[in-house]
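Enquirer: Structure file input27.txt (compact mmCIF, C-alpha atoms) is given on the next line.
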# COMPACT_ATOMS: atom_id res chain seq x y z
CA MET A 1 24.55 224.86 35.27
CA HIS A 2 22.03 222.10 34.59
CA GLU A 3 24.55 219.58 33.26
CA LEU A 4 24.65 217.72 36.59
CA ALA A 5 20.85 217.26 36.41
CA VAL A 6 21.17 216.04 32.81
CA CYS A 7 23.95 213.67 33.87
CA GLN A 8 21.85 212.29 36.72
CA GLY A 9 19.05 211.61 34.22
CA LEU A 10 21.57 209.85 32.01
CA MET A 11 22.64 207.66 34.94
CA ARG A 12 19.05 206.52 35.55
CA GLN A 13 18.80 205.60 31.86
CA ILE A 14 22.06 203.69 32.10
CA GLU A 15 20.90 201.76 35.18
CA LEU A 16 17.70 200.69 33.38
CA LEU A 17 19.62 199.69 30.29
CA ALA A 18 22.15 197.72 32.35
CA GLN A 19 19.30 195.79 34.00
CA ARG A 20 17.65 195.06 30.67
CA GLU A 21 20.86 193.93 29.02
CA GLN A 22 22.03 192.03 32.11
CA ALA A 23 25.25 193.97 32.15
CA GLU A 24 27.85 193.42 34.80
CA CYS A 25 29.54 196.70 34.10
CA ILE A 26 29.36 199.58 31.67
CA THR A 27 32.71 200.46 30.12
CA ALA A 28 31.85 203.25 27.69
CA ILE A 29 28.96 205.63 27.08
CA ARG A 30 28.62 207.49 23.80
CA LEU A 31 26.56 210.65 23.46
CA SER A 32 25.72 212.93 20.61
CA ILE A 33 25.27 216.53 21.73
CA GLY A 34 24.68 219.39 19.34
CA PRO A 35 25.59 222.99 20.15
CA LEU A 36 21.90 223.98 20.04
CA SER A 37 20.86 221.40 22.64
CA GLY A 38 21.67 223.82 25.44
CA VAL A 39 24.01 221.33 27.11
CA GLU A 40 27.73 222.04 27.34
CA PRO A 41 29.70 218.82 26.60
CA GLN A 42 32.69 219.79 28.78
CA LEU A 43 30.47 220.56 31.81
CA LEU A 44 28.69 217.25 31.28
CA ALA A 45 32.04 215.46 31.16
CA ASP A 46 33.02 217.20 34.41
CA ALA A 47 29.75 216.15 36.05
CA PHE A 48 29.98 212.54 34.92
CA PRO A 49 32.44 211.23 37.56
CA ILE A 50 30.25 212.76 40.29
CA ALA A 51 26.97 211.39 38.88
CA SER A 52 28.40 207.94 38.14
CA ALA A 53 30.27 207.41 41.43
CA GLY A 54 29.25 204.11 43.00
CA SER A 55 27.10 203.14 39.99
CA ILE A 56 27.48 200.37 37.45
CA ALA A 57 29.10 202.93 35.14
CA GLU A 58 31.73 204.16 37.56
CA GLY A 59 35.00 204.43 35.68
CA ALA A 60 33.33 204.19 32.27
CA THR A 61 34.64 206.45 29.55
CA LEU A 62 32.26 209.13 28.33
CA GLU A 63 32.62 209.91 24.64
CA VAL A 64 30.78 212.96 23.40
CA GLU A 65 30.34 213.54 19.71
CA SER A 66 29.22 216.92 18.47
CA GLN A 67 27.16 217.38 15.34
CA PRO A 68 27.63 220.38 13.06
CA ILE A 69 24.78 222.88 12.77
CA ARG A 70 23.19 222.37 9.34
CA VAL A 71 20.01 223.87 7.93
CA ARG A 72 17.87 223.29 4.86
CA CYS A 73 16.19 226.30 3.30
CA LEU A 74 12.43 225.95 2.87
CA THR A 75 12.49 228.66 0.19
CA CYS A 76 15.38 227.73 -2.11
CA GLY A 77 16.10 224.19 -0.92
CA ALA A 78 19.81 224.74 -0.33
CA GLU A 79 21.52 223.00 2.57
CA SER A 80 24.17 224.96 4.40
CA ASP A 81 26.25 225.23 7.54
CA ALA A 82 24.94 227.59 10.18
CA THR A 83 25.99 228.98 13.54
CA MET A 84 24.31 229.14 16.96
CA ASN A 85 22.70 232.53 16.43
CA LYS A 86 22.51 232.57 12.65
CA LEU A 87 20.30 229.79 11.40
CA VAL A 88 19.28 231.45 8.15
CA CYS A 89 19.94 230.02 4.69
CA GLY A 90 23.62 230.37 3.72
CA SER A 91 22.62 230.60 0.07
CA CYS A 92 19.63 232.97 -0.21
CA GLY A 93 19.53 234.36 3.33
CA ASP A 94 15.89 233.44 4.02
CA PHE A 95 15.06 232.78 7.67
CA ARG A 96 12.59 230.00 6.88
CA THR A 97 14.92 227.07 7.38
CA GLN A 98 14.70 223.64 8.93
CA LEU A 99 17.39 222.48 11.29
CA LEU A 100 18.98 219.28 9.95
CA SER A 101 21.43 218.72 12.75
CA GLY A 102 22.94 220.49 15.72
CA ASP A 103 20.33 220.17 18.48
CA GLU A 104 20.87 216.49 19.30
CA LEU A 105 20.83 215.38 22.90
CA LEU A 106 21.17 211.64 22.38
CA LEU A 107 22.48 208.59 24.16
CA THR A 108 23.73 206.79 21.08
CA SER A 109 25.38 203.64 22.40
CA VAL A 110 26.77 201.91 25.43
CA GLU A 111 29.61 199.42 25.68
CA LEU A 112 29.14 196.76 28.33
CA GLU A 113 30.26 193.46 29.70
CA ARG A 114 27.51 190.92 30.25
CA ARG A 115 27.01 188.86 33.35
CA GLN A 116 28.31 185.34 32.80
CA HIS A 117 25.63 182.73 33.34
CA ALA A 118 26.82 179.66 35.20
CA MET B 1 12.02 215.47 18.63
CA CYS B 2 10.03 212.30 18.61
CA ASP B 3 6.69 212.28 20.41
CA THR B 4 7.08 208.94 22.05
CA CYS B 5 10.60 208.71 23.32
CA GLY B 6 12.30 212.02 22.64
CA CYS B 7 15.00 210.48 20.51
CA ASN B 8 15.22 213.47 18.11
CA ILE B 9 16.33 211.70 14.95
CA THR B 10 16.81 214.05 12.01
CA ASP B 11 18.28 213.79 8.54
CA GLY B 12 21.53 215.13 9.91
CA ASN B 13 22.06 212.47 12.52
CA ARG B 14 20.15 209.62 10.89
CA TYR B 15 23.42 208.00 9.85
CA LEU B 16 23.95 207.20 13.50
CA LEU B 17 21.16 204.68 13.14
CA GLU B 18 23.05 202.76 10.55
CA GLY B 19 26.16 200.78 11.22
CA ASP B 20 26.78 197.58 13.05
CA GLY B 21 23.25 196.94 14.20
CA LYS B 22 22.09 196.58 17.76
CA LEU B 23 24.95 194.52 19.01
CA ALA B 24 28.49 194.85 17.85
CA ARG B 25 31.54 193.40 19.48
CA THR B 26 34.54 195.57 20.17
CA GLU B 27 38.09 194.28 19.94
CA SER B 28 38.15 193.72 23.67
CA GLY B 29 35.19 191.36 23.35
CA ARG B 30 32.74 193.81 24.91
CA GLU B 31 29.35 194.45 23.41
CA ALA B 32 28.35 197.81 22.08
CA VAL B 33 24.61 198.28 22.48
CA GLN B 34 22.99 200.91 20.28
CA VAL B 35 20.55 203.00 22.28
CA LEU B 36 19.57 206.22 20.47
CA GLU B 37 17.36 207.60 23.20
CA GLY B 38 17.01 211.24 24.08
CA LEU B 39 19.35 212.03 26.90
CA LEU B 40 16.43 213.33 28.95
CA SER B 41 14.12 210.44 28.16
CA GLU B 42 13.07 210.03 31.77
CA ASN B 43 12.16 213.71 32.05
CA ASP B 44 10.44 213.60 28.66
CA HIS B 45 8.42 210.58 29.74
CA VAL B 46 7.08 212.44 32.78
CA ALA B 47 6.52 215.53 30.62
CA ALA B 48 4.37 213.49 28.22
CA HIS B 49 2.43 212.23 31.23
CA ASN B 50 1.86 215.83 32.43
CA ARG B 51 0.70 216.79 28.93
CA GLU B 52 -1.79 213.92 28.91
CA HIS B 53 -3.21 215.23 32.18
CA PHE B 54 -3.59 218.72 30.74
CA ASP B 55 -5.21 217.38 27.58
CA ARG B 56 -7.65 215.16 29.42
CA HIS B 57 -8.80 218.09 31.55
CA GLY B 58 -8.92 220.57 28.66
CA VAL B 59 -6.20 222.72 30.22
CA LEU B 60 -3.87 224.93 28.17
CA ALA B 61 -0.40 224.80 29.78
CA ILE B 62 2.00 227.70 29.16
CA ASN B 63 5.66 227.74 30.19
CA LEU B 64 6.84 231.30 30.91
CA MET B 65 10.59 231.75 30.64
CA SER B 66 12.79 234.82 31.06
CA SER B 67 15.58 236.44 33.04
CA PRO B 68 14.82 237.26 36.68
CA GLY B 69 12.98 240.54 36.97
CA SER B 70 11.62 240.77 33.45
CA GLY B 71 8.06 240.96 34.73
CA LYS B 72 6.60 237.45 34.57
CA THR B 73 4.69 237.68 37.85
CA ARG B 74 3.45 241.19 37.14
CA LEU B 75 2.23 240.02 33.73
CA LEU B 76 0.39 237.13 35.40
CA GLU B 77 -1.25 239.49 37.89
CA GLU B 78 -2.59 241.68 35.09
CA THR B 79 -3.59 238.65 33.01
CA ILE B 80 -5.63 237.32 35.93
CA THR B 81 -7.29 240.71 36.40
CA ALA B 82 -8.18 240.86 32.70
CA LEU B 83 -9.26 237.25 32.18
CA GLY B 84 -10.47 236.32 35.65
CA ASP B 85 -14.15 236.43 34.77
CA GLU B 86 -13.68 234.63 31.47
CA LEU B 87 -11.19 231.85 32.15
CA ARG B 88 -10.12 229.91 35.21
CA ILE B 89 -6.40 230.30 35.83
CA ALA B 90 -3.90 228.50 38.05
CA VAL B 91 -0.18 229.10 38.41
CA VAL B 92 2.83 226.96 39.24
CA GLU B 93 5.67 229.17 40.45
CA GLY B 94 9.30 228.16 40.25
CA ASP B 95 11.86 230.04 42.32
CA LEU B 96 15.04 229.17 44.15
CA GLU B 97 13.59 230.50 47.41
CA THR B 98 10.53 232.21 48.98
CA GLU B 99 6.78 232.00 48.43
CA ASN B 100 6.68 235.68 47.44
CA ASP B 101 5.51 235.24 43.86
CA ALA B 102 2.94 232.58 44.73
CA GLN B 103 1.55 234.90 47.41
CA ARG B 104 1.21 237.74 44.89
CA ILE B 105 -0.84 235.42 42.65
CA ARG B 106 -2.96 234.14 45.57
CA ASP B 107 -3.73 237.74 46.47
CA LYS B 108 -5.46 237.86 43.09
CA GLY B 109 -7.74 235.02 44.21
CA VAL B 110 -6.06 232.34 42.10
CA ASN B 111 -4.54 229.01 43.16
CA ALA B 112 -0.75 229.22 43.05
CA VAL B 113 1.63 226.38 43.91
CA GLN B 114 5.17 227.37 44.76
CA ILE B 115 8.05 225.08 43.84
CA THR B 116 11.21 226.16 45.62
CA THR B 117 14.08 224.56 43.77
CA GLY B 118 16.81 225.34 46.31
CA THR B 119 19.78 225.91 44.08
CA ALA B 120 18.41 224.26 40.93
CA CYS B 121 18.35 226.67 38.02
CA HIS B 122 15.29 225.29 36.22
CA LEU B 123 12.06 223.36 36.64
CA ASP B 124 11.85 219.81 35.35
CA ALA B 125 8.88 217.60 34.53
CA HIS B 126 9.07 215.76 37.87
CA MET B 127 8.83 218.98 39.87
CA VAL B 128 5.82 220.12 37.85
CA HIS B 129 4.21 216.72 38.24
CA GLY B 130 4.61 216.99 42.01
CA ALA B 131 3.08 220.47 42.02
CA LEU B 132 0.08 219.28 39.98
CA HIS B 133 -1.07 217.22 42.97
CA ALA B 134 -2.01 220.54 44.57
CA VAL B 135 -4.03 221.72 41.55
CA ASP B 136 -7.53 220.53 40.66
CA LEU B 137 -7.23 220.57 36.89
CA ASP B 138 -11.00 220.22 36.52
CA ASP B 139 -11.18 223.79 37.79
CA VAL B 140 -8.57 225.20 35.42
CA ASP B 141 -8.66 226.51 31.85
CA ILE B 142 -5.12 227.89 31.65
CA LEU B 143 -2.19 226.75 33.76
CA PHE B 144 0.80 229.06 33.74
CA ILE B 145 4.13 227.56 34.75
CA GLU B 146 6.36 230.45 35.76
CA ASN B 147 9.81 228.97 35.29
CA VAL B 148 12.88 229.92 37.31
CA GLY B 149 14.26 233.24 36.09
CA ASN B 150 17.10 232.11 33.85
CA LEU B 151 17.72 232.37 30.10
CA VAL B 152 19.74 229.15 29.85
CA CYS B 153 18.66 226.02 31.71
CA PRO B 154 14.84 226.10 31.45
CA ALA B 155 15.11 225.62 27.67
CA SER B 156 16.46 222.08 28.08
CA PHE B 157 13.59 220.51 30.02
CA ASP B 158 10.16 219.66 28.62
CA LEU B 159 7.57 220.14 31.36
CA GLY B 160 4.54 218.92 29.43
CA GLN B 161 3.47 222.42 28.41
CA HIS B 162 1.76 223.19 25.11
CA ARG B 163 3.41 226.52 24.46
CA ASN B 164 6.60 228.34 25.42
CA VAL B 165 6.50 232.07 25.98
CA THR B 166 9.81 233.89 26.45
CA LEU B 167 9.85 237.39 27.91
CA LEU B 168 12.48 239.94 26.98
CA SER B 169 12.27 243.15 28.97
CA VAL B 170 13.45 246.36 27.35
CA THR B 171 15.95 246.89 30.17
CA GLU B 172 17.88 243.77 29.07
CA GLY B 173 19.01 244.78 25.58
CA ASP B 174 17.66 243.90 22.17
CA ASP B 175 20.47 241.44 21.35
CA LYS B 176 19.40 238.84 23.95
CA PRO B 177 18.07 236.42 21.26
CA ALA B 178 21.54 236.43 19.64
CA LYS B 179 23.21 235.83 23.01
CA TYR B 180 20.80 233.15 24.28
CA PRO B 181 19.73 231.40 21.07
CA VAL B 182 18.61 228.13 22.63
CA ILE B 183 15.85 229.61 24.80
CA PHE B 184 14.65 232.10 22.19
CA ARG B 185 14.58 229.40 19.52
CA ALA B 186 12.23 227.46 21.80
CA ALA B 187 9.73 230.34 22.05
CA ASP B 188 6.30 230.12 20.44
CA LEU B 189 5.81 233.77 21.38
CA VAL B 190 8.24 236.47 22.48
CA LEU B 191 6.89 239.20 24.73
CA ILE B 192 8.87 242.43 24.83
CA SER B 193 7.95 243.44 28.37
CA LYS B 194 8.16 246.78 30.20
CA ALA B 195 7.45 248.49 26.88
CA ASP B 196 6.27 251.60 28.77
CA LEU B 197 10.00 252.26 29.35
CA LEU B 198 10.80 252.35 25.62
CA PRO B 199 10.68 256.17 25.41
CA VAL B 200 13.44 256.46 28.03
CA LEU B 201 15.38 253.37 26.93
CA ASP B 202 15.70 254.42 23.32
CA ASP B 203 18.72 252.16 22.78
CA PHE B 204 16.38 249.15 22.84
CA SER B 205 15.01 248.60 19.35
CA PRO B 206 12.07 246.17 19.10
CA SER B 207 12.79 245.73 15.39
CA LYS B 208 16.41 244.79 16.13
CA ALA B 209 15.17 242.27 18.69
CA GLU B 210 12.90 240.83 16.01
CA GLY B 211 15.82 240.74 13.57
CA HIS B 212 17.91 238.72 16.02
CA LEU B 213 14.97 236.35 16.56
CA ARG B 214 14.52 235.81 12.80
CA GLN B 215 18.24 235.00 12.53
CA LEU B 216 17.37 231.98 14.70
CA ALA B 217 14.98 230.81 11.97
CA SER B 218 12.09 231.53 14.33
CA ALA B 219 8.73 232.64 12.97
CA ALA B 220 7.41 233.31 16.50
CA PRO B 221 5.39 236.51 16.81
CA LEU B 222 6.61 239.32 19.07
CA ILE B 223 4.28 241.44 21.16
CA ALA B 224 5.54 244.58 22.88
CA LEU B 225 3.56 245.06 26.06
CA SER B 226 3.54 246.71 29.43
CA ALA B 227 1.70 245.11 32.32
CA LYS B 228 1.98 248.47 34.03
CA SER B 229 0.46 250.73 31.37
CA GLY B 230 -1.66 248.03 29.74
CA VAL B 231 -0.27 248.66 26.25
CA GLY B 232 -0.16 245.45 24.19
CA LEU B 233 -2.10 243.44 26.78
CA ASP B 234 -5.04 242.91 24.41
CA ASP B 235 -2.74 241.30 21.83
CA TRP B 236 -1.37 238.95 24.51
CA LEU B 237 -4.87 238.01 25.66
CA ALA B 238 -5.92 237.38 22.05
CA TRP B 239 -2.87 235.14 21.57
CA LEU B 240 -3.82 233.19 24.70
CA ARG B 241 -7.42 232.68 23.50
CA GLU B 242 -6.14 231.52 20.10
CA ALA B 243 -3.64 229.14 21.69
CA ARG B 244 -6.41 227.71 23.83
CA GLU B 245 -8.61 227.08 20.79
CA ALA B 246 -5.73 225.59 18.79
CA VAL B 247 -4.84 223.15 21.56
CA ALA B 248 -8.48 222.20 22.15
CA ALA B 249 -8.93 221.50 18.41
CA LYS B 250 -5.84 219.27 18.34
CA VAL B 251 -6.94 217.39 21.43
CA ALA B 252 -10.40 216.88 19.93
CA ASP B 253 -8.61 215.24 17.00
CA GLY B 254 -6.91 212.83 19.38
CA ALA B 255 -3.55 214.58 19.06
CA THR B 256 -1.64 216.95 21.29
CA VAL B 257 0.41 220.09 20.94
CA ARG B 258 4.04 220.51 21.86
CA PRO B 259 6.00 223.74 21.93
CA ALA B 260 7.02 224.13 18.30
CA ILE B 261 10.73 224.51 17.87
CA GLN B 262 10.38 222.83 14.51
CA PRO B 263 8.03 220.04 13.53
CA GLU B 264 10.79 218.25 11.66
CA GLY B 265 11.51 215.58 14.26
CA GLN B 266 7.95 214.33 14.05
CA GLN B 267 7.95 214.24 10.26
CA LEU B 268 11.22 212.38 10.17
CA HIS B 269 10.29 209.96 12.86
CA ALA B 270 9.33 207.18 10.49
CA HIS B 271 12.40 205.19 11.45
CA PRO B 272 12.13 201.77 13.09
CA HIS B 273 12.93 201.72 16.78
CA HIS B 274 15.78 199.47 17.67
CA HIS B 275 15.53 200.11 21.34
CA ALA B 276 12.92 198.67 23.65
CA HIS B 277 10.70 201.12 25.46
CA THR B 278 10.18 200.72 29.14
CA HIS B 279 7.00 202.68 29.66
CA ASP B 280 5.06 201.82 32.74
Will you turn the file into structure tokens for me?
Expert:
Amino acid sequence: MHELAVCQGLMRQIELLAQREQAECITAIRLSIGPLSGVEPQLLADAFPIASAGSIAEGATLEVESQPIRVRCLTCGAESDATMNKLVCGSCGDFRTQLLSGDELLLTSVELERRQHA
Amino acid sequence: MCDTCGCNITDGNRYLLEGDGKLARTESGREAVQVLEGLLSENDHVAAHNREHFDRHGVLAINLMSSPGSGKTRLLEETITALGDELRIAVVEGDLETENDAQRIRDKGVNAVQITTGTACHLDAHMVHGALHAVDLDDVDILFIENVGNLVCPASFDLGQHRNVTLLSVTEGDDKPAKYPVIFRAADLVLISKADLLPVLDDFSPSKAEGHLRQLASAAPLIALSAKSGVGLDDWLAWLREAREAVAAKVADGATVRPAIQPEGQQLHAHPHHHAHTHD
């Protein structure tokens, strides 16, 4: 259960970003998390209210987008869907594939309200 | 994953880069700021810093991951016995509690720093960085980081190591790579440990374990070994020497080595960065 640690890291990133962008509050945080990242989106969502309590992002919505697992075969060139424990080519079955998507662990965007300058 | 900021852009998620640009206004008048940073960018930043330390001192750093009780400490004891006269070794030990493992390593005459994580299920780059203050890297050729025994969480945190080694003991079952794909996919080498028990545990098939690993699109070699009987130890030591040479050659070229899940992120990382970096 390392999602709380991941969420605490996210909060430090958010605080830095809020400073840089002169945000007054953060209203939404969007993440992209692939199944192969090792992070469980639901557990992260459960940890978020705890990690964000008292921060500039308290009460923000957390939107988590999941990417499908896709591979490209280095032998036949085909691109295919794959699963967590079967990342071989869906066309020729070769195991020499490249992961195209599915292991993302990304903070994609943040919605914020800026401080009003007098 | 990208070397500089960990933002793992690939062909599959590249479309996320396109869209409304850095600033877009939502209907409510709020601004949406595109970030596209790795979610562990702070950890990854410290990890890169650790890796720079290792590189500057010519140290090969190995992250050992496995279930509890698969024989990591015993393997280290035998590795120290075998390599002690040839290479200088130091160990960072991660456990929830006790100094037991560190003491076993110290009894072999080697510096061991214990990190007790309390209830944390993994080591992160900050913990390793803290432990490095108790290690004189000028006196080290290989640093082993013995991660907390756990087949899940350690796979998510870069520590600054050059290579990941995942142990699978024959008492655990040969389908572990299928059950725990994330950690086995991260392995540069899989060690099938306690291989002296294979004759009595004939339901563990090393070739099935390899089959499950290949299903993860991993080309990592497997070595069946027993720290107890010594079988396979020579292959492990040869792998270590090779890894050391490979890392040294890269560093001499002004580059570094990261555990190779797949090199794709680096190849694809020719995209312009929209986000500012805040490196200190």
Enquirer: Please list as a VMD selection string every residue within 9 Å of segment 26-38 of chain A, counting all atoms listed in the file and excluding residues in the same chain fewer than 5 positions away.
Expert: (chain A and resid 14 18 56 to 69 83 to 84 101 to 114) or (chain B and resid 13 30 32 36 39 152 to 153 155 to 156 181 to 183)
Enquirer: Could you write out the selected residues, including C-alpha atoms, as a PDB file, in the coordinates of the input?
Expert:
ATOM      1  CA  ILE A  14      22.060 203.690  32.100  1.00  0.00           C
ATOM      2  CA  ALA A  18      22.150 197.720  32.350  1.00  0.00           C
ATOM      3  CA  ILE A  56      27.480 200.370  37.450  1.00  0.00           C
ATOM      4  CA  ALA A  57      29.100 202.930  35.140  1.00  0.00           C
ATOM      5  CA  GLU A  58      31.730 204.160  37.560  1.00  0.00           C
ATOM      6  CA  GLY A  59      35.000 204.430  35.680  1.00  0.00           C
ATOM      7  CA  ALA A  60      33.330 204.190  32.270  1.00  0.00           C
ATOM      8  CA  THR A  61      34.640 206.450  29.550  1.00  0.00           C
ATOM      9  CA  LEU A  62      32.260 209.130  28.330  1.00  0.00           C
ATOM     10  CA  GLU A  63      32.620 209.910  24.640  1.00  0.00           C
ATOM     11  CA  VAL A  64      30.780 212.960  23.400  1.00  0.00           C
ATOM     12  CA  GLU A  65      30.340 213.540  19.710  1.00  0.00           C
ATOM     13  CA  SER A  66      29.220 216.920  18.470  1.00  0.00           C
ATOM     14  CA  GLN A  67      27.160 217.380  15.340  1.00  0.00           C
ATOM     15  CA  PRO A  68      27.630 220.380  13.060  1.00  0.00           C
ATOM     16  CA  ILE A  69      24.780 222.880  12.770  1.00  0.00           C
ATOM     17  CA  THR A  83      25.990 228.980  13.540  1.00  0.00           C
ATOM     18  CA  MET A  84      24.310 229.140  16.960  1.00  0.00           C
ATOM     19  CA  SER A 101      21.430 218.720  12.750  1.00  0.00           C
ATOM     20  CA  GLY A 102      22.940 220.490  15.720  1.00  0.00           C
ATOM     21  CA  ASP A 103      20.330 220.170  18.480  1.00  0.00           C
ATOM     22  CA  GLU A 104      20.870 216.490  19.300  1.00  0.00           C
ATOM     23  CA  LEU A 105      20.830 215.380  22.900  1.00  0.00           C
ATOM     24  CA  LEU A 106      21.170 211.640  22.380  1.00  0.00           C
ATOM     25  CA  LEU A 107      22.480 208.590  24.160  1.00  0.00           C
ATOM     26  CA  THR A 108      23.730 206.790  21.080  1.00  0.00           C
ATOM     27  CA  SER A 109      25.380 203.640  22.400  1.00  0.00           C
ATOM     28  CA  VAL A 110      26.770 201.910  25.430  1.00  0.00           C
ATOM     29  CA  GLU A 111      29.610 199.420  25.680  1.00  0.00           C
ATOM     30  CA  LEU A 112      29.140 196.760  28.330  1.00  0.00           C
ATOM     31  CA  GLU A 113      30.260 193.460  29.700  1.00  0.00           C
ATOM     32  CA  ARG A 114      27.510 190.920  30.250  1.00  0.00           C
TER      33      ARG A 114
ATOM     34  CA  ASN B  13      22.060 212.470  12.520  1.00  0.00           C
ATOM     35  CA  ARG B  30      32.740 193.810  24.910  1.00  0.00           C
ATOM     36  CA  ALA B  32      28.350 197.810  22.080  1.00  0.00           C
ATOM     37  CA  LEU B  36      19.570 206.220  20.470  1.00  0.00           C
ATOM     38  CA  LEU B  39      19.350 212.030  26.900  1.00  0.00           C
ATOM     39  CA  VAL B 152      19.740 229.150  29.850  1.00  0.00           C
ATOM     40  CA  CYS B 153      18.660 226.020  31.710  1.00  0.00           C
ATOM     41  CA  ALA B 155      15.110 225.620  27.670  1.00  0.00           C
ATOM     42  CA  SER B 156      16.460 222.080  28.080  1.00  0.00           C
ATOM     43  CA  PRO B 181      19.730 231.400  21.070  1.00  0.00           C
ATOM     44  CA  VAL B 182      18.610 228.130  22.630  1.00  0.00           C
ATOM     45  CA  ILE B 183      15.850 229.610  24.800  1.00  0.00           C
TER      46      ILE B 183
END
Enquirer: Taking all atoms listed in the file into account, name the residue in B:Thr119, B:Arg51, B:Leu189, B:Lys194 that is nearest to Asp235 of chain B.
Expert: B:Leu189
Enquirer: Enumerate, as a list of chain:residue names, the protein, DNA and RNA residues whose atoms approach (0.8, 233.0, 20.7) to within 8 Å, taking into account only C-alpha atoms and the coordinate frame of the file.
Expert: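 With a cut-off of 8 Å, the residues come to B:Arg163, B:Val165, B:Asp188, B:Leu189, B:Ala220, B:Pro221, B:Trp236, B:Trp239, B:Leu240, B:Glu242, B:Ala243.
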Enquirer: Restricting the output to C-alpha atoms, write the selected residues as an mmCIF file, in the coordinates of the input.
Expert:
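Ended up saving to part05.cif:
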data_model
loop_
_atom_site.group_PDB
_atom_site.id
_atom_site.type_symbol
_atom_site.label_atom_id
_atom_site.label_comp_id
_atom_site.auth_asym_id
_atom_site.auth_seq_id
_atom_site.Cartn_x
_atom_site.Cartn_y
_atom_site.Cartn_z
ATOM 1 C CA ARG B 163 3.410 226.520 24.460
ATOM 2 C CA VAL B 165 6.500 232.070 25.980
ATOM 3 C CA ASP B 188 6.300 230.120 20.440
ATOM 4 C CA LEU B 189 5.810 233.770 21.380
ATOM 5 C CA ALA B 220 7.410 233.310 16.500
ATOM 6 C CA PRO B 221 5.390 236.510 16.810
ATOM 7 C CA TRP B 236 -1.370 238.950 24.510
ATOM 8 C CA TRP B 239 -2.870 235.140 21.570
ATOM 9 C CA LEU B 240 -3.820 233.190 24.700
ATOM 10 C CA GLU B 242 -6.140 231.520 20.100
ATOM 11 C CA ALA B 243 -3.640 229.140 21.690
#
Enquirer: Please determine, counting all atoms listed in the file, which residue among B:Arg244, B:Lys228, B:Arg106, B:Arg56 has the shortest atom-to-atom distance to Ala90 of chain B.
Expert: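 Smallest separation from Ala90 of chain B among the options: B:Arg106.
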Enquirer: In Å, rounded to a single decimal, give me how far atom CA of Gly160 of chain B is from atom CA of Ala260 of chain B.
Expert: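 Computing the Euclidean distance for atom CA of Ala260 of chain B and atom CA of Gly160 of chain B yields 12.5 Å.
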Enquirer: I'd like to know which of B:Ser70, B:Gly254, B:Asp136, B:Ala186 is closest to Glu172 of chain B, using all atoms listed in the file.
Expert: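 Closest to Glu172 of chain B, using all atoms listed in the file: B:Ser70.
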Enquirer: Dump as a ChimeraX atom specification all residues having an atom at most 8 Å from (10.4, 228.6, 38.2), computed in the file's coordinates with only C-alpha atoms.
Expert: /B:92-96,115-117,122-123,145-149
Enquirer: Go ahead and save the residues from that selection, with C-alpha atoms, as a PDB file, keeping the file's coordinate frame.
Expert:
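Resulting contents of result36.pdb:
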ATOM      1  CA  VAL B  92       2.830 226.960  39.240  1.00  0.00           C
ATOM      2  CA  GLU B  93       5.670 229.170  40.450  1.00  0.00           C
ATOM      3  CA  GLY B  94       9.300 228.160  40.250  1.00  0.00           C
ATOM      4  CA  ASP B  95      11.860 230.040  42.320  1.00  0.00           C
ATOM      5  CA  LEU B  96      15.040 229.170  44.150  1.00  0.00           C
ATOM      6  CA  ILE B 115       8.050 225.080  43.840  1.00  0.00           C
ATOM      7  CA  THR B 116      11.210 226.160  45.620  1.00  0.00           C
ATOM      8  CA  THR B 117      14.080 224.560  43.770  1.00  0.00           C
ATOM      9  CA  HIS B 122      15.290 225.290  36.220  1.00  0.00           C
ATOM     10  CA  LEU B 123      12.060 223.360  36.640  1.00  0.00           C
ATOM     11  CA  ILE B 145       4.130 227.560  34.750  1.00  0.00           C
ATOM     12  CA  GLU B 146       6.360 230.450  35.760  1.00  0.00           C
ATOM     13  CA  ASN B 147       9.810 228.970  35.290  1.00  0.00           C
ATOM     14  CA  VAL B 148      12.880 229.920  37.310  1.00  0.00           C
ATOM     15  CA  GLY B 149      14.260 233.240  36.090  1.00  0.00           C
TER      16      GLY B 149
END
Enquirer: In Å, rounded to a single decimal, give me how far atom CA of Pro259 of chain B is from atom CA of Ile192 of chain B.
Expert: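 Pair atom CA of Ile192 of chain B / atom CA of Pro259 of chain B returns 19.1 Å.
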Enquirer: Would you mind reading off the distance between atom CA of Cys76 of chain A and atom CA of Gly90 of chain A, one decimal, in Å?
Expert: 10.4 Å
Enquirer: Which residue is closest to Ala224 of chain B? Choose from B:Pro206, B:Gly69, B:Gly211, B:Pro199 and count only C-alpha atoms.
Expert: B:Pro206
